[in-house]
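Trainee: Got a structure for you, written out below as structure tokens; questions coming shortly.
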Amino acid sequence: MLNTSDILETINMIRQENLDIRTITMGISLFDCVSEDTGRLCQNIYDKITRTARRLVPVGEEIEKQYGIPIVNKRVSVTPISLIGGNISPEGYLKVAHTLDRAAGAIGINFIGGFSALVHKGFTVSAENLISVIPEALSETKLVCSSVNVATTRSGINMDAISRMGEIIKRAAYLSRDSGSIACAKLVVFANVPEDNPFMAGAFHGLGEPEVAINVGVSGPGVIASAVRRAGDCDLSRVAEVIKRTAFKITRVGQLVAAEAAARLGVSFGIVDLSLAPTPAIGDSVAHILEEIGLESCGAHGTTAALAMLNDAVKKGGVMASSHVGGLSGAFIPVSEDAGMIAAVERGSLSIEKLEAMTAVCSVGLDMIAIPGDTDPAIICGIIADEISIGVVNSKTTAVRIIPAYGKMVGESVSFGGLLGSAPVMPVNKWSPARFISRGGRIPAPIQSLKN
Amino acid sequence: MKAVITVTGKDTVGIIALVSTECAANDVNILDISQTVLGEYFAMIMLADVEKLKIPFVEFADRLAELGRAKNLDIHVMHEDIFNSMHRI
């Protein structure tokens with residue numbers, strides 16, 4: 001029989017330490033929905049999503065009950081819409097966004113990702129048309145998420161795209177000003193975007209993906225924090241070992257759920273995303289793990305080193321636990337979604353500059369950060385360019401999800417509700433990068449040797 | 001398919017009877033039981049064969065959880081694979 005202490009450990013992880021499966025995301029290809037008529041395109045998209053993902057939510061709930069582990073989100077990602085829109089107008093793209101929203105509502109999921117464009121080298125007419133309506137699409141719909149890839153290590157950074165995204169983010173913030181500029185929380189600007197990411201808002205179903213795939217994102221910051229606490233005053237080799245072992249256990253559950261969901265839905269199993277994804281709940285914070293490792297407050301000098309170790313140990317433990325790993329894999333550091341990060345910002349120990357440094361060694365990037373609503377678009381572009389260059393030079397995914405909260409100043413906070421949490425408005429460096437940004441063009445792809 | 005039934009809570013008379021009666025009523029065969037009492041605190045783990053379960057698994061799990069709540073006990077029924085996958089390589 002199974003060992004009693006193992007059983008109690010698992011139950012304790014789920015009941016006391018907030019272990020859960022953060023998301024089961026079904027990736028669906030929409031290439032076969034293409035039509036030159038916008039109405040027809042929308043109908044095809046609606047039919048395909050509602051037909052393919054019809055059983056996603058019930059099957060997720062079944063698995064949840066059978067294994068006794070909460071599956072917090074069931075979601076869908078689709079082929080980047082700019083690739084299937086063909087010659088449709090900006091208004092046509094807006095209709096597609098509403099169609100995605102309706103389809104997501106009909107099958108009971110809580111987000112749908114893929115209102116996306118890939119412009120790392122330049123804009124196509126379709127990409128330009130889609131991007132131009134992102135602010136309207138995200139403020140008029142509830143469940144649609146959007147992402148734009150503006151750079152890759154192989155092609156360099158499209159500064160024209162970054163410049164465009166500064167304006168888009170500002171307009172999205174303005175159009176959703178009555179609900180805390182929430183549209184910006186559903187928009188991610190990427191470098192080296194992964195094609196199989198199950199996490200929102202950046203999920204889409206990439207070009208090399210099969211017709212349909214199940215991707216699963218695990219969570220468990222609370223479990224890791226407790227394990228580190230129990231390890232007591234040991235050295236860092238031991239801390240890394242404890243994190244690795246715990247990450248292994250967490251990821252095994254993700255692998256089990258992913259394989260089971262794929263089998264029950266009769267579709268391919270894509271990947272498990274080895275992520276430490278926090279929630280605003282107490283005891284589910286990545287910042288608290290760093291503090292448990294020994295920092296007085298997240299953001300203190302030493303934070304980048306502690307995070308680098310945490311991120312690496314999570315990957316090492318997780319890789320062995322899953323047959324296929326992908327997505328964003330690593331520790332997430334979204335400010336508004338992490339009680340410890342919020343507290344660190346409020347007590348003045350964590351700044352945007354430190355967060356930027358942290359993203360060089362962990363997953364994703366500047367995530368769910370609220371800044372003053374009157375921030376100049378050029379400054380937003382500068383923040384994006386800095387973050388994106390970290391990803392491009394280090395051959396990793398980085399992203400920016402920033403909210404210039406309309407009408408809000410430093411010291412205030414903006415609340416989005418649910419998993420998106422609430423964010424204290426953070427100060428930004430006011431010196432202007434406007435001339436740099438207005439130059440436009442592309443920053444060439446970085447050299448891959450002479451690594452210094 | 002095997003399930004792990006865990007019962008935790010304050011010790012009281014008839015906990016095992018409560019769970020095993022519900023198991024028997026639904027054709028669930030109990031394969032192994034281990035229990036510990038730490039002071040007032042009671043923890044029981046039961047491995048059960050649910051292959052011939054008469055009602056849907058989810059309903060059985062809900063029913064036991066409900067029975068537990070009435071007696072201030074925390075009862076969970078979970079597929080054994082979650083434990084196997086987490087603790088065995």
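So you can find residues: chains in the structure tokens are A, B, ... in the order shown, residues in each start at 1, and ligands are numbered from 1 in order.
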Distance table requested - chain B against chain A, cut-off 8 Å, only C-alpha atoms: one row per qualifying residue with the closest atom pair and its distance in Å to one decimal, ordered by chain and rising residue number, as a Markdown table.

Mentor:
```
| residue | atom | partner | partner_atom | distance |
| --- | --- | --- | --- | --- |
| B:Asp32 | CA | A:Met1 | CA | 7.5 |
| B:Ser34 | CA | A:Thr4 | CA | 7.8 |
| B:Ile45 | CA | A:Thr4 | CA | 7.2 |
| B:Leu47 | CA | A:Met1 | CA | 7.5 |
| B:Phe57 | CA | A:Gln66 | CA | 7.0 |
| B:Val58 | CA | A:Lys65 | CA | 5.9 |
| B:Ala61 | CA | A:Lys65 | CA | 7.8 |
| B:His76 | CA | A:Gly68 | CA | 7.4 |
| B:Val77 | CA | A:Gly68 | CA | 7.1 |
| B:Met78 | CA | A:Tyr67 | CA | 4.8 |
| B:His79 | CA | A:Tyr67 | CA | 5.0 |
| B:Glu80 | CA | A:Tyr67 | CA | 7.8 |
| B:Asp81 | CA | A:Tyr67 | CA | 7.7 |
| B:Ile82 | CA | A:Tyr67 | CA | 6.1 |
| B:Phe83 | CA | A:Ile7 | CA | 6.4 |
| B:Asn84 | CA | A:Leu2 | CA | 7.7 |
| B:Ser85 | CA | A:Arg252 | CA | 5.8 |
| B:Met86 | CA | A:Lys249 | CA | 4.8 |
| B:His87 | CA | A:Asp6 | CA | 6.7 |
```

Trainee: Set the distance at 9 Å and use only C-alpha atoms: which residues neighbour Asp11 in chain B once local chain neighbours fewer than 2 positions away are removed? I'd like the list as a PyMOL selection string.

Mentor: chain B and resi 8-9+13+15+37+39-43+73

Trainee: For the selection just defined, write its residues with C-alpha atoms to a file, as a CSV table (one decimal), in the first residue's frame.

Mentor:
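Result went into again-v6.csv, see below:
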```csv
chain,number,residue,atom,x,y,z
B,8,THR,CA,-9.2,13.3,9.2
B,9,GLY,CA,-10.8,15.1,12.2
B,13,VAL,CA,-17.1,6.6,17.9
B,15,ILE,CA,-15.8,6.6,12.1
B,37,VAL,CA,-4.8,8.7,16.6
B,39,GLY,CA,-4.2,12.9,21.0
B,40,GLU,CA,-7.7,13.9,19.9
B,41,TYR,CA,-6.8,13.9,16.3
B,42,PHE,CA,-7.8,11.0,14.0
B,43,ALA,CA,-6.4,10.1,10.6
B,73,LEU,CA,-14.7,15.0,9.6
```

Trainee: Can you tell me, as a VMD selection string, which residues in range 87-268 of chain A count as strand (DSSP E) by DSSP?

Mentor: chain A and resid 112 to 118 144 to 152 156 to 158 187 to 191 212 to 218 268

Trainee: For Ala161 in chain A, work out the shell of residues within 10 Å, counting only C-alpha atoms and skipping chain neighbours fewer than 2 positions away, then give it as a VMD selection string.

Mentor: chain A and resid 118 to 123 128 131 148 to 151 157 to 159 163 to 166 189 381 440 to 442

Trainee: Restricting the calculation to only C-alpha atoms: of B:Val7, B:Asp49, B:Cys23, B:Glu66, which residue gets closest to Thr36 in chain B?

Mentor: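 Between B:Val7, B:Asp49, B:Cys23, B:Glu66, the residue approaching Thr36 in chain B most closely is B:Val7.
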
Trainee: When you count only C-alpha atoms, which of these residues is closest to Gly317 in chain A: A:Ala247, A:Ala191, A:Ala385, A:Leu450?

Mentor: A:Ala247

Trainee: Would you list, as a PyMOL selection string, the residues of chain B that end up in helix (DSSP H, G or I) under DSSP run on this structure's backbone?

Mentor: chain B and resi 15-25+57-70+81-87

Trainee: What does the distance from CA of Ala201 in chain A to CA of Gly217 in chain A come to in Å, to one decimal?

Mentor: 13.1 Å

Trainee: List the spatial neighbours of Ile271 in chain A as a PDB file with C-alpha atoms, in the first residue's frame - criterion: any atom at most 8 Å away, only C-alpha atoms, same-chain residues fewer than 2 positions off excluded.

Mentor:
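Output file out20.pdb follows:
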```pdb
ATOM      1  CA  ASP A 196       2.477  26.172 -26.806  1.00  0.00           C
ATOM      2  CA  ILE A 214      -3.906  19.937 -24.504  1.00  0.00           C
ATOM      3  CA  ASN A 215      -1.342  22.021 -22.627  1.00  0.00           C
ATOM      4  CA  VAL A 216      -1.303  22.163 -18.854  1.00  0.00           C
ATOM      5  CA  ALA A 258      -2.521  16.547 -18.850  1.00  0.00           C
ATOM      6  CA  PHE A 269      -1.093  15.856 -25.227  1.00  0.00           C
ATOM      7  CA  ASP A 273       4.384  24.157 -18.397  1.00  0.00           C
ATOM      8  CA  SER A 323       7.406  13.660 -20.810  1.00  0.00           C
ATOM      9  CA  HIS A 324       7.073  16.973 -22.672  1.00  0.00           C
ATOM     10  CA  VAL A 325       7.864  20.343 -21.231  1.00  0.00           C
ATOM     11  CA  GLY A 326       7.223  23.692 -22.847  1.00  0.00           C
ATOM     12  CA  GLY A 327       5.355  26.960 -22.629  1.00  0.00           C
TER      13      GLY A 327
END
```

Trainee: Quick one: pull the distance between CA of Phe115 in chain A and CA of Ala137 in chain A, Å, one decimal.

Mentor: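 CA of Ala137 in chain A lies at a distance of 8.7 Å from CA of Phe115 in chain A.
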
Trainee: When you look at Pro280 in chain A with a cut-off of 9 Å (counting only C-alpha atoms), what residues show up, excluding the ones that are within fewer than 5 positions of it in the same chain? I need them as a PDB file with C-alpha atoms, in the first residue's frame.

Mentor:
```pdb
ATOM      1  CA  SER A 285       3.247  33.760  -3.501  1.00  0.00           C
ATOM      2  CA  SER A 336      -0.819  42.240  -8.982  1.00  0.00           C
ATOM      3  CA  GLU A 337      -1.289  38.460  -8.753  1.00  0.00           C
ATOM      4  CA  ASP A 338       1.155  37.873  -5.915  1.00  0.00           C
ATOM      5  CA  ALA A 339       0.398  39.014  -2.359  1.00  0.00           C
ATOM      6  CA  GLY A 340       4.116  39.066  -1.482  1.00  0.00           C
ATOM      7  CA  ILE A 342       2.256  43.667  -3.728  1.00  0.00           C
ATOM      8  CA  GLY A 418     -10.287  37.470  -9.367  1.00  0.00           C
ATOM      9  CA  LEU A 419      -6.965  35.936 -10.367  1.00  0.00           C
ATOM     10  CA  LEU A 420      -5.759  39.223 -11.854  1.00  0.00           C
ATOM     11  CA  GLY A 421      -5.671  40.720  -8.354  1.00  0.00           C
ATOM     12  CA  SER A 422      -4.950  44.334  -7.587  1.00  0.00           C
TER      13      SER A 422
END
```

Trainee: Do a neighbour search on Asp386 in chain A at 12 Å with only C-alpha atoms, toss out local chain neighbours closer than 4 positions, and write the hits as a ChimeraX atom specification.

Mentor: /A:151,157,159,162,190-191,352-353,355-357,359-360,365-366,379-382,390-393,398-400,433,436-437,443

Trainee: Write out as a VMD selection string each polymer residue whose atoms come within 12 Å of Gly348 in chain A, counting only C-alpha atoms; drop sequence neighbours fewer than 4 positions from it.

Mentor: chain A and resid 297 to 300 341 to 344 352 354 410 to 411 424 to 427
